[in-house]
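Engineer: Before anything else, here's the structure in question.
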Amino acid sequence: MTETPAPATTPSAYSGPDRVLSGVQPSGALHLGNYLGALTKFVRLQDEVECFFCVVDLHAITVWQDPALLTAQTREIAAAYLAAGVDPKKAAIFPQSAVRAHAELAWIFNCVARLGWLDRMTQFKEKSGKNKERSSVGLYTYPVLQAADILVYKATRVPVGEDQKQHLELTRDIAAKFNNDFAAPGFFPLTEPLIDGPGARVMSLRDGAAKMSKSDPSDNSRINLMDDADTIAQKIRKARTDPEPLPEDLETLKGRAEADNLVGIYAALAGITKAEVLAQYGGQGFGSFKPALADLAVAVMGPIGERMRRLMGDPAEIDRILADGAERARIVADPVVEETKRLVGFWPGR
Ligand code: AQP
């Protein structure tokens, strides 16, 4: 068996159905970046294709999670999916740990992926920081588990934010190498990332060079889905900017990271392009743009927060939706793992 990586550019011989998989970690409060980068796309895709949206709790424990909070956080992410408009009749919503096939396939993929590939992953470098030696092994192999999440459903498309681009490339490398090593052309698809639009990379409100993130110690850096109208407006008012008015064209916006971010957020929330935002607000200062952005953000995010609060008042209903989703997910995932094990040559009995 060859140990050389299969090129990610290998054309896919896959001919199975079009499927979508994505997930969010129950590692804290969801924010505007998660909403624009992922959730809005989930809602769009559920009407086009078979969708699996999991709450990736196995990923969340790659850094410490308080066991007393993890179940509640898992329900909260499910509530966010529902509040954003995901319909559990159309898409399966479930906790990753409830479908064992994810972990089983991840082990096989740990033996397919190469150390050199993982060494290049920038998210591990960012998340482990200067503390690499004390990071969990799970944090290092996180992208391998992500590949298993995707390929256990033979998902052909994955809606994610731009930060996940490198992990999606790794997923394609793993699929190509598995198909090649086990002489199974087209067994796994070469999954396409769906990363587009001005919401694909929402930056911190305090620092235009840093991604908006759940784990940022400053709550003012992000708009949480559960923030009330006053908090949203206050965070936008306090958002870091520069003293110049907004430019009239995109070219002049370059190099002004904070202004660019606010224009991008406005565009994503309004469903228009950044050029269209500048056509409307170019030449105006932040004194008039920020209140307009705050009104828009409150109009879009406010009702989602309301729905989340209402849904979280009925955890039994969320649990029913999660259990149903897990059952539907297992029906697709279990046979894929069985077939994968057969290709690897494992004993076929039970
Ligand atoms: N700032 C962002 N802009 C656009 N999309 C984003 N996503 C995350 N941040 C942004 C997308 O949201 C989905 C779920 O992300 P996740 O919670 O599973 O993991 P993450 O990328 O690690 O998110 P955070 O908020 O940065 O969490 P922490 O701080 O815990 O690491 C993914 O599709 C992601 O691309």
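In the structure tokens, the first chain shown is A, the next is B, and so on; residue numbers restart at 1 for each chain, and ligands run from 1 in the order shown.
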Which chains and residue numbers are within 9 Å of ligand 1, counting only C-alpha atoms and all ligand atoms, if I want them as a VMD selection string?
Structural biologist: chain A and resid 22 to 39 55 to 56 59 to 60 63 123 127 158 to 165 195 198 to 204 210 to 216 222
Engineer: Could the residues of segment 301-323 of chain A that have an atom at most 12 Å from segment 98-119 of chain A be listed as a tab-separated table, each with its closest atom pair and the distance in Å to one decimal, counting only C-alpha atoms and ordered by chain and ascending residue number?
Structural biologist:
```
residue	atom	partner	partner_atom	distance
A:Asp319	CA	A:Ala98	CA	11.7
A:Leu322	CA	A:Ala98	CA	9.0
A:Ala323	CA	A:Ala98	CA	8.2
```
Engineer: Can you work out which one of A:Lys177, A:Arg240, A:Lys254, A:Lys341 has the shortest atom-to-atom distance to Arg206 of chain A, counting only C-alpha atoms?
Structural biologist: A:Arg240
Engineer: Going by DSSP on the backbone, which residues of segment 33-92 of chain A come out as strand (DSSP E or B)? List them as a VMD selection string.
Structural biologist: chain A and resid 50 to 55 91 to 92
Engineer: Emit the selected residues as a tab-separated table (two decimals), in the first residue's frame, including all heavy atoms.
Structural biologist:
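Saved file again_30.tsv follows:
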```tsv
chain	number	residue	atom	x	y	z
A	50	GLU	N	-30.78	16.75	0.63
A	50	GLU	CA	-30.86	16.07	1.93
A	50	GLU	C	-29.76	16.63	2.85
A	50	GLU	O	-28.58	16.64	2.49
A	50	GLU	CB	-30.63	14.57	1.71
A	50	GLU	CG	-30.87	13.74	2.95
A	50	GLU	CD	-30.63	12.24	2.71
A	50	GLU	OE1	-30.06	11.87	1.66
A	50	GLU	OE2	-31.00	11.45	3.59
A	51	CYS	N	-30.17	17.11	4.02
A	51	CYS	CA	-29.22	17.82	4.91
A	51	CYS	C	-29.08	17.15	6.27
A	51	CYS	O	-30.07	16.70	6.85
A	51	CYS	CB	-29.69	19.25	5.14
A	51	CYS	SG	-29.54	20.33	3.73
A	52	PHE	N	-27.85	17.13	6.79
A	52	PHE	CA	-27.55	16.62	8.13
A	52	PHE	C	-26.82	17.74	8.88
A	52	PHE	O	-25.73	18.14	8.48
A	52	PHE	CB	-26.65	15.38	8.04
A	52	PHE	CG	-27.31	14.24	7.34
A	52	PHE	CD1	-27.24	14.13	5.95
A	52	PHE	CD2	-28.04	13.29	8.05
A	52	PHE	CE1	-27.88	13.09	5.29
A	52	PHE	CE2	-28.67	12.24	7.40
A	52	PHE	CZ	-28.60	12.14	6.02
A	53	PHE	N	-27.45	18.23	9.95
A	53	PHE	CA	-26.82	19.31	10.74
A	53	PHE	C	-26.61	18.81	12.16
A	53	PHE	O	-27.56	18.60	12.92
A	53	PHE	CB	-27.70	20.56	10.72
A	53	PHE	CG	-27.87	21.12	9.33
A	53	PHE	CD1	-29.12	21.45	8.83
A	53	PHE	CD2	-26.76	21.31	8.49
A	53	PHE	CE1	-29.28	21.95	7.54
A	53	PHE	CE2	-26.91	21.80	7.20
A	53	PHE	CZ	-28.17	22.12	6.73
A	54	CYS	N	-25.33	18.58	12.51
A	54	CYS	CA	-25.09	18.04	13.85
A	54	CYS	C	-24.54	19.11	14.78
A	54	CYS	O	-24.04	20.15	14.37
A	54	CYS	CB	-24.20	16.81	13.79
A	54	CYS	SG	-22.68	16.98	12.91
A	55	VAL	N	-24.68	18.79	16.07
A	55	VAL	CA	-24.08	19.62	17.11
A	55	VAL	C	-22.82	18.86	17.50
A	55	VAL	O	-22.90	17.75	18.04
A	55	VAL	CB	-25.03	19.77	18.32
A	55	VAL	CG1	-24.41	20.66	19.37
A	55	VAL	CG2	-26.39	20.30	17.87
A	91	ALA	N	-34.46	18.64	7.59
A	91	ALA	CA	-33.06	18.32	7.86
A	91	ALA	C	-32.95	17.55	9.17
A	91	ALA	O	-33.69	17.82	10.11
A	91	ALA	CB	-32.26	19.62	7.97
A	92	ALA	N	-32.01	16.59	9.22
A	92	ALA	CA	-31.78	15.86	10.48
A	92	ALA	C	-30.89	16.72	11.38
A	92	ALA	O	-29.81	17.15	10.97
A	92	ALA	CB	-31.11	14.53	10.18
```
Engineer: Atom CA of Ile77 of chain A and atom CA of Leu145 of chain A, how far apart in Å?
Structural biologist: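 Atom CA of Ile77 of chain A lies at a distance of 19.3 Å from atom CA of Leu145 of chain A.
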Engineer: Considering only C-alpha atoms, return as a PyMOL selection string whatever protein or nucleic-acid residues lie within 10 Å of segment 281-284 of chain A, sequence-local ones (same chain, fewer than 5 positions apart) excluded.
Structural biologist: chain A and resi 244-250+263+275-276+289+292
Engineer: Near Thr71 of chain A, counting only C-alpha atoms, which residues have an atom at most 10 Å away, once you skip same-chain residues fewer than 3 positions from it, shown as a list in words?
Structural biologist: Pro26, Asp57, Asp66, Pro67, Ala68, Thr74, Arg75, Glu76 and Pro95 of chain A
Engineer: Hey, can you spit out that residue selection with N, CA, C and O atoms as a PDB file, in the first residue's frame?
Structural biologist:
```
ATOM      1  N   PRO A  26     -20.845  22.890  20.499  1.00  0.00           N
ATOM      2  CA  PRO A  26     -21.545  23.432  21.675  1.00  0.00           C
ATOM      3  C   PRO A  26     -20.533  23.927  22.703  1.00  0.00           C
ATOM      4  O   PRO A  26     -20.488  23.439  23.837  1.00  0.00           O
ATOM      5  N   ASP A  57     -20.441  17.802  19.480  1.00  0.00           N
ATOM      6  CA  ASP A  57     -19.964  17.742  20.869  1.00  0.00           C
ATOM      7  C   ASP A  57     -18.641  16.999  20.997  1.00  0.00           C
ATOM      8  O   ASP A  57     -17.836  17.307  21.890  1.00  0.00           O
ATOM      9  N   ASP A  66     -17.146  21.927  30.674  1.00  0.00           N
ATOM     10  CA  ASP A  66     -17.714  21.547  31.964  1.00  0.00           C
ATOM     11  C   ASP A  66     -18.859  20.547  31.717  1.00  0.00           C
ATOM     12  O   ASP A  66     -19.847  20.894  31.054  1.00  0.00           O
ATOM     13  N   PRO A  67     -18.734  19.312  32.227  1.00  0.00           N
ATOM     14  CA  PRO A  67     -19.783  18.312  31.986  1.00  0.00           C
ATOM     15  C   PRO A  67     -21.158  18.783  32.451  1.00  0.00           C
ATOM     16  O   PRO A  67     -22.181  18.390  31.869  1.00  0.00           O
ATOM     17  N   ALA A  68     -21.188  19.652  33.456  1.00  0.00           N
ATOM     18  CA  ALA A  68     -22.485  20.129  33.961  1.00  0.00           C
ATOM     19  C   ALA A  68     -23.166  21.068  32.966  1.00  0.00           C
ATOM     20  O   ALA A  68     -24.359  21.318  33.075  1.00  0.00           O
ATOM     21  N   THR A  74     -25.519  21.856  24.201  1.00  0.00           N
ATOM     22  CA  THR A  74     -25.905  21.081  23.017  1.00  0.00           C
ATOM     23  C   THR A  74     -27.349  21.427  22.638  1.00  0.00           C
ATOM     24  O   THR A  74     -27.659  21.672  21.468  1.00  0.00           O
ATOM     25  N   ARG A  75     -28.217  21.481  23.650  1.00  0.00           N
ATOM     26  CA  ARG A  75     -29.619  21.858  23.368  1.00  0.00           C
ATOM     27  C   ARG A  75     -29.689  23.292  22.843  1.00  0.00           C
ATOM     28  O   ARG A  75     -30.507  23.607  21.977  1.00  0.00           O
ATOM     29  N   GLU A  76     -28.800  24.139  23.356  1.00  0.00           N
ATOM     30  CA  GLU A  76     -28.829  25.552  22.931  1.00  0.00           C
ATOM     31  C   GLU A  76     -28.468  25.678  21.449  1.00  0.00           C
ATOM     32  O   GLU A  76     -29.086  26.472  20.719  1.00  0.00           O
ATOM     33  N   PRO A  95     -27.044  15.314  17.906  1.00  0.00           N
ATOM     34  CA  PRO A  95     -25.712  15.448  18.506  1.00  0.00           C
ATOM     35  C   PRO A  95     -24.759  14.443  17.853  1.00  0.00           C
ATOM     36  O   PRO A  95     -25.116  13.281  17.674  1.00  0.00           O
TER      37      PRO A  95
END
```
Engineer: For Ser12 of chain A, find every residue with an atom within 7 Å (counting only C-alpha atoms), except residues of its own chain fewer than 3 positions away, and show them as a list of chain:residue names.
Structural biologist: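 Selected residues are A:Gly186, A:Pro189, A:Leu190.
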Engineer: Go through A:Ile318, A:Ala148, A:Val344, A:Ala155 and flag the residue nearest Asp181 of chain A, using only C-alpha atoms for the distances.
Structural biologist: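 Looking only at the distances to Asp181 of chain A, the closest residue turns out to be A:Val344.
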Engineer: Using only C-alpha atoms, find the one residue out of A:Leu311, A:Val277, A:Gly305, A:Lys125 that sits nearest to Ala79 of chain A.
Structural biologist: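 That would be A:Leu311, the residue with the smallest distance to Ala79 of chain A.
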Engineer: Compile the contact shell of Ser128 of chain A as number ranges by chain: residues with an atom at most 10 Å away, counting only C-alpha atoms, same-chain residues fewer than 5 positions apart removed.
Structural biologist: A: 63, 122-123, 133-136, 139-140
Engineer: So which one's closest to Pro303 of chain A, A:Gly287, A:Ile321, A:Ala229, A:Phe178? Using only C-alpha atoms, please.
Structural biologist: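 Checking each candidate against Pro303 of chain A, we get A:Ala229 as the closest.
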Engineer: Do you know which residues are at most 9 Å from Glu258 of chain A counting only C-alpha atoms, after dropping those on the same chain fewer than 2 positions away, and could you put them as a PyMOL selection string?
Structural biologist: chain A and resi 203-209+239-242+255-256+260-263
Engineer: Point out the residue among A:Thr40, A:Phe346, A:Ala326, A:Arg19 with the least atom-to-atom distance to Asp196 of chain A, counting only C-alpha atoms.
Structural biologist: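 Looking only at the distances to Asp196 of chain A, the closest residue turns out to be A:Thr40.
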Engineer: What gap, in Å, lies between atom CA of Asp227 of chain A and atom CA of Met301 of chain A?
Structural biologist: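 Atom CA of Met301 of chain A lies at a distance of 8.3 Å from atom CA of Asp227 of chain A.
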Engineer: Could you tell me how far atom CA of Gln96 of chain A sits from atom CA of Ala184 of chain A, in Å to one decimal place?
Structural biologist: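 So the answer is 26.5 Å.
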Engineer: Rank A:Val86, A:Leu269, A:Val152, A:Met121 by their smallest atom-to-atom distance to Val332 of chain A, using only C-alpha atoms, and report the top residue only.
Structural biologist: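 Of A:Val86, A:Leu269, A:Val152, A:Met121, the one nearest Val332 of chain A is A:Val152, counting only C-alpha atoms.
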